[in-house]
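Novice: Below: one structure in structure tokens.
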Amino acid sequence: MKLKTIRDIAVKNKRVLVRADFNVPLVNGKVSDDTRIRQALPTIKFLLEQNAKIILLSHLGRPHGRVVAELRLDPVAERLTKLLKIKVQKLDDCVGPEVQKKVSELKNGEILLLENTRFHSQETENEKNFANELASYGDIFIQDAFGVVHRAHASTVGVALRLPSAVGLLVEKEIAALTQLFEQPKKPLVLVIGGAKIDTKIGVLRKFIEKADTILLGGGLANTFLAAEGFEVGASLHESSKIELARELLLEAKAANCELVLPEDAVCADVDAELNATTPALDLRVDALPFNLKILDIGARTQSRYSEIIKRAGTVVWNGPVGLFECFPFAGGTKAIAEACASAEATTLLGGGDTLEALMCLDIPIQKFTHISTGGGAMLKFLEGKELPALAAVEKHTA
Ligand code: ADP
Ligand code: MG
């Protein structure tokens, strides 16, 4: 991918429209985790140094084309103002006469944050007039929201096709980390994959069957593979319609000489048990699971086997919690994987909304990993080798 970055183009005194990813968690109207806001700072600071006029665009949550008061970006503006130590002015819409007026009055070195783009359904539809209006606010477009580069929306693809474009420092960093991994991973390359469903991960599994030495399976995903191997998974989260697919993948792995490892034991609860911090849990071998139990985590033997493999790896890519980490008795497997990755000598690369959420819950500092991707879906698509529409648009309409 040959993408121009913000450093390759002239932004001095220009109106620069930046797509950032301020899709942050909010609790009682306050930003509860500002990691994504902090990740956007290098690009904003760079533009401030260049004396540009900065117009920021972002979505937050899923308002489905309507104004949802709780999803306004005011708490983001507040946090940005605090972190940058300069006033970030926030508007109550992202299009319309008021926005046009404020943009035209913007001075060099000032920052304007427009309202949640997803308050308009035209955003996700990439509607022409809406994209035209957004594009009219800038002389240049900078894509710095890695979390949405797999989406063809007005604020990602639409504006990029209408303005001279480049990527920001965060997207540049993400691409560099993922490309390095993709092109010359330190061996052995190990993929740890968990989470709820096979569907969203199938592309990455296939790709890594070709590339990786070992794949460690956990989560609901592993249950479908256990069913494919003939084990009783009872009421455990699994996809019966994907069992055949799991069989195919097991064969593909064998042919490609990739070791696909399934859990040998599992932490389970009674089918009818209410799941909370005190749910009784049983650690059983997978060949001895009664049908009235459900698998909610990888067991102790599996945890130590996976940890050993991670310890000997050259590169570890991890996506998807290996158990129901939100519920204390079933968080042990995810914790063991996180700790093994954190203390491994390997290059470690993590991504996924729930995977990062798990690190937060389990109090594992993100500095312990080589690269934490801010994009879950986008990271998976990139690792699959798929085209990312928002980056393709920047490349097509490069500044
Ligand atoms: P990510 O967002 O990191 O890509 P996913 O969205 O694929 O991860 O999956 C995360 C969800 O999978 C979590 O809510 C977790 O509780 C759930 N999960 C993992 N293992 C199990 C399991 N054995 N049974 C039920 N849910 C599980
Ligand atoms: Mg998720």
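Quick note on naming: the chains in the structure tokens go A, B, ... in the order shown, residues restart at 1 in each chain, and ligands are numbered from 1 in order of appearance.
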Report as CSV the residues of segment 13-92 of chain A within 7 Å of segment 109-123 of chain A, each with its shortest atom pair and distance in Å (one decimal), using only C-alpha atoms, ordered by chain and increasing residue number.
Specialist:
residue,atom,partner,partner_atom,distance
A:Leu48,CA,A:Gly109,CA,5.3
A:Asn51,CA,A:Gly109,CA,4.7
A:Ala52,CA,A:Gly109,CA,5.4
A:Lys53,CA,A:Gly109,CA,5.5
A:Ile54,CA,A:Ile111,CA,4.8
A:Ile55,CA,A:Leu112,CA,4.9
A:Leu56,CA,A:Leu113,CA,4.7
A:Leu57,CA,A:Leu114,CA,5.7
A:Ser58,CA,A:Asn116,CA,5.8
A:His59,CA,A:Asn116,CA,4.7
A:Leu60,CA,A:Asn116,CA,6.0
A:Pro63,CA,A:Phe119,CA,6.0
A:His64,CA,A:Ser121,CA,6.5
A:Gly65,CA,A:Ser121,CA,3.9
A:Arg66,CA,A:Phe119,CA,4.6
A:Val67,CA,A:Phe119,CA,4.9
A:Arg72,CA,A:Asn116,CA,6.1
A:Leu73,CA,A:Glu115,CA,6.0
A:Ala77,CA,A:Leu113,CA,6.9
A:Val88,CA,A:Ile111,CA,5.2
A:Gln89,CA,A:Leu112,CA,4.9
A:Lys90,CA,A:Leu113,CA,4.6
A:Leu91,CA,A:Leu114,CA,5.2
A:Asp92,CA,A:Glu115,CA,5.3
Novice: Please save N, CA, C and O atoms of the selected residues as a CSV table (one decimal), in the first residue's frame.
Specialist:
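Final file, part-v2.csv:
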chain,number,residue,atom,x,y,z
A,48,LEU,N,-1.5,21.4,14.7
A,48,LEU,CA,-1.4,22.6,15.5
A,48,LEU,C,-0.1,23.3,15.2
A,48,LEU,O,0.0,24.5,15.0
A,51,ASN,N,0.1,25.1,12.2
A,51,ASN,CA,-0.8,26.3,12.1
A,51,ASN,C,-2.0,26.1,11.2
A,51,ASN,O,-2.5,27.0,10.5
A,52,ALA,N,-2.5,24.8,11.1
A,52,ALA,CA,-3.6,24.5,10.3
A,52,ALA,C,-4.9,24.9,11.0
A,52,ALA,O,-4.9,25.1,12.2
A,53,LYS,N,-6.0,25.0,10.2
A,53,LYS,CA,-7.3,25.1,10.8
A,53,LYS,C,-7.9,23.7,10.9
A,53,LYS,O,-8.0,23.0,9.8
A,54,ILE,N,-8.2,23.2,12.1
A,54,ILE,CA,-8.5,21.8,12.2
A,54,ILE,C,-10.0,21.6,12.4
A,54,ILE,O,-10.6,22.1,13.3
A,55,ILE,N,-10.6,20.7,11.6
A,55,ILE,CA,-12.0,20.4,11.7
A,55,ILE,C,-12.1,18.9,11.9
A,55,ILE,O,-11.7,18.1,11.1
A,56,LEU,N,-12.6,18.5,13.1
A,56,LEU,CA,-12.6,17.1,13.5
A,56,LEU,C,-14.0,16.4,13.3
A,56,LEU,O,-15.0,17.0,13.6
A,57,LEU,N,-14.0,15.2,12.7
A,57,LEU,CA,-15.2,14.4,12.5
A,57,LEU,C,-15.1,13.1,13.2
A,57,LEU,O,-14.0,12.5,13.1
A,58,SER,N,-16.2,12.6,13.8
A,58,SER,CA,-16.2,11.3,14.3
A,58,SER,C,-17.6,10.8,14.5
A,58,SER,O,-18.5,11.6,14.5
A,59,HIS,N,-17.7,9.5,14.7
A,59,HIS,CA,-19.0,9.0,15.1
A,59,HIS,C,-18.8,8.5,16.5
A,59,HIS,O,-17.7,8.5,17.1
A,60,LEU,N,-20.0,8.2,17.2
A,60,LEU,CA,-19.9,7.7,18.5
A,60,LEU,C,-21.1,6.8,18.7
A,60,LEU,O,-22.3,7.2,18.6
A,63,PRO,N,-26.3,5.5,16.8
A,63,PRO,CA,-27.6,6.2,16.9
A,63,PRO,C,-28.6,6.0,15.8
A,63,PRO,O,-29.7,6.4,15.9
A,64,HIS,N,-28.2,5.2,14.8
A,64,HIS,CA,-29.0,4.8,13.7
A,64,HIS,C,-29.7,6.0,13.0
A,64,HIS,O,-30.9,6.0,12.8
A,65,GLY,N,-28.9,7.1,12.7
A,65,GLY,CA,-29.5,8.2,11.9
A,65,GLY,C,-30.4,9.1,12.7
A,65,GLY,O,-31.1,9.9,12.0
A,66,ARG,N,-30.4,9.0,14.0
A,66,ARG,CA,-31.2,10.0,14.8
A,66,ARG,C,-30.3,10.7,15.8
A,66,ARG,O,-29.3,10.1,16.2
A,67,VAL,N,-30.8,11.8,16.3
A,67,VAL,CA,-30.1,12.5,17.4
A,67,VAL,C,-30.3,11.8,18.7
A,67,VAL,O,-31.5,11.6,19.1
A,72,ARG,N,-24.0,12.5,22.1
A,72,ARG,CA,-23.4,13.8,21.6
A,72,ARG,C,-21.9,13.7,22.0
A,72,ARG,O,-21.5,13.1,22.9
A,73,LEU,N,-21.1,14.5,21.2
A,73,LEU,CA,-19.6,14.5,21.4
A,73,LEU,C,-19.1,15.5,22.4
A,73,LEU,O,-17.9,15.7,22.6
A,77,ALA,N,-15.2,16.6,23.5
A,77,ALA,CA,-14.6,18.0,23.3
A,77,ALA,C,-14.0,18.4,24.7
A,77,ALA,O,-12.9,19.0,24.7
A,88,VAL,N,-11.3,23.3,22.5
A,88,VAL,CA,-11.8,22.7,21.3
A,88,VAL,C,-13.3,23.0,21.3
A,88,VAL,O,-14.1,22.7,22.2
A,89,GLN,N,-13.7,23.8,20.2
A,89,GLN,CA,-15.1,24.2,20.1
A,89,GLN,C,-15.9,23.1,19.5
A,89,GLN,O,-15.5,22.5,18.5
A,90,LYS,N,-17.0,22.8,20.1
A,90,LYS,CA,-17.9,21.7,19.7
A,90,LYS,C,-19.2,22.2,19.1
A,90,LYS,O,-19.8,23.1,19.7
A,91,LEU,N,-19.6,21.8,17.9
A,91,LEU,CA,-20.9,22.2,17.4
A,91,LEU,C,-22.0,21.2,17.6
A,91,LEU,O,-21.6,20.0,17.8
A,92,ASP,N,-23.2,21.5,17.4
A,92,ASP,CA,-24.3,20.6,17.7
A,92,ASP,C,-24.8,19.8,16.5
A,92,ASP,O,-25.8,19.1,16.6
Novice: Report as a PyMOL selection string all protein, DNA and RNA residues lying within 12 Å of Glu252 of chain A, evaluated on only C-alpha atoms, omitting residues in the same chain fewer than 3 positions from it.
Specialist: chain A and resi 205-210+245-249+255-260
Novice: Please check which protein, DNA or RNA residues sit within 10 Å of ligand 1, counting only C-alpha atoms and all ligand atoms, and write them as JSON, numbers by chain.
Specialist: {"A": [193, 194, 195, 196, 197, 198, 199, 200, 201, 218, 219, 220, 221, 222, 223, 235, 236, 237, 238, 266, 267, 268, 294, 295, 296, 297, 298, 318, 319, 320, 321, 322, 323, 324, 325, 326, 327, 330, 331, 333, 334, 350, 351, 352, 353, 354, 355, 356, 357, 358, 375, 376, 377, 379, 380]}
Novice: May I have all residues of segment 104-201 of chain A that DSSP, computed from the backbone, assigns to alpha helix (DSSP H), given as an MDAnalysis selection string?
Specialist: chainID A and resid 104:105 121:125 128:136 159:160 169:183
Novice: Going by DSSP on the backbone, which residues of segment 124-274 of chain A come out as strand (DSSP E or B)? List them as a list in words.
Specialist: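 Everything in segment 124-274 of chain A that counts as strand (DSSP E or B) is Ile140, Phe141, Ile142, Gln143, Ser165, Ala166, Val167, Leu189, Val190, Leu191, Val192, Ile193, Thr214, Ile215, Leu216, Leu217, Glu259, Leu260, Val261, Asp265, Ala266, Val267, Cys268, Ala269 and Asp270 of chain A.
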Novice: With only C-alpha atoms as the basis for distance, which of A:Met360, A:Val149, A:Val190, A:Leu134 is at the shortest distance from Leu388 of chain A?
Specialist: A:Val149
Novice: Quick one: everything within 6 Å of Leu189 of chain A, counting only C-alpha atoms, minus sequence neighbours fewer than 5 positions away in the same chain. Send it as a PyMOL selection string.
Specialist: chain A and resi 212-213+314-315
Novice: Taking 5 positions as the minimum chain separation for residues in the same chain, which residues sit within 9 Å of Pro263 of chain A when counting only C-alpha atoms? Answer as a PyMOL selection string.
Specialist: chain A and resi 216-218+222-223+226+285-286+298-299+301-303+306
Novice: Nearest to Lys311 of chain A: which of A:Lys335, A:Pro290, A:Ser241, A:Ala346 is it, counting only C-alpha atoms?
Specialist: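 Nearest to Lys311 of chain A: A:Ala346.
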Novice: Would you work out the distance separating atom CA of Ala344 of chain A from atom CA of Ser307 of chain A, expressed in Å to one decimal?
Specialist: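 Atom-to-atom, atom CA of Ala344 of chain A to atom CA of Ser307 of chain A, that is 9.1 Å.
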Novice: Residues near Ala131 of chain A, anyone? I mean within 12 Å using only C-alpha atoms, not counting same-chain ones fewer than 2 positions away, as number ranges by chain.
Specialist: A: 94-95, 117, 120-129, 133-138, 152-163
Novice: My list of candidates is A:Ser165, A:Asn132, A:Gln50, A:Thr224. Which is closest to Thr398 of chain A when distances are computed with only C-alpha atoms?
Specialist: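 The answer is A:Ser165, which sits nearest to Thr398 of chain A.
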Novice: I'd like the contact shell of Thr43 of chain A - 12 Å cut-off, only C-alpha atoms, skipping same-chain residues fewer than 2 positions apart - returned as number ranges by chain.
Specialist: A: 5-7, 11, 16-21, 37-41, 45-50, 52, 54, 56, 84, 142-145, 166-173
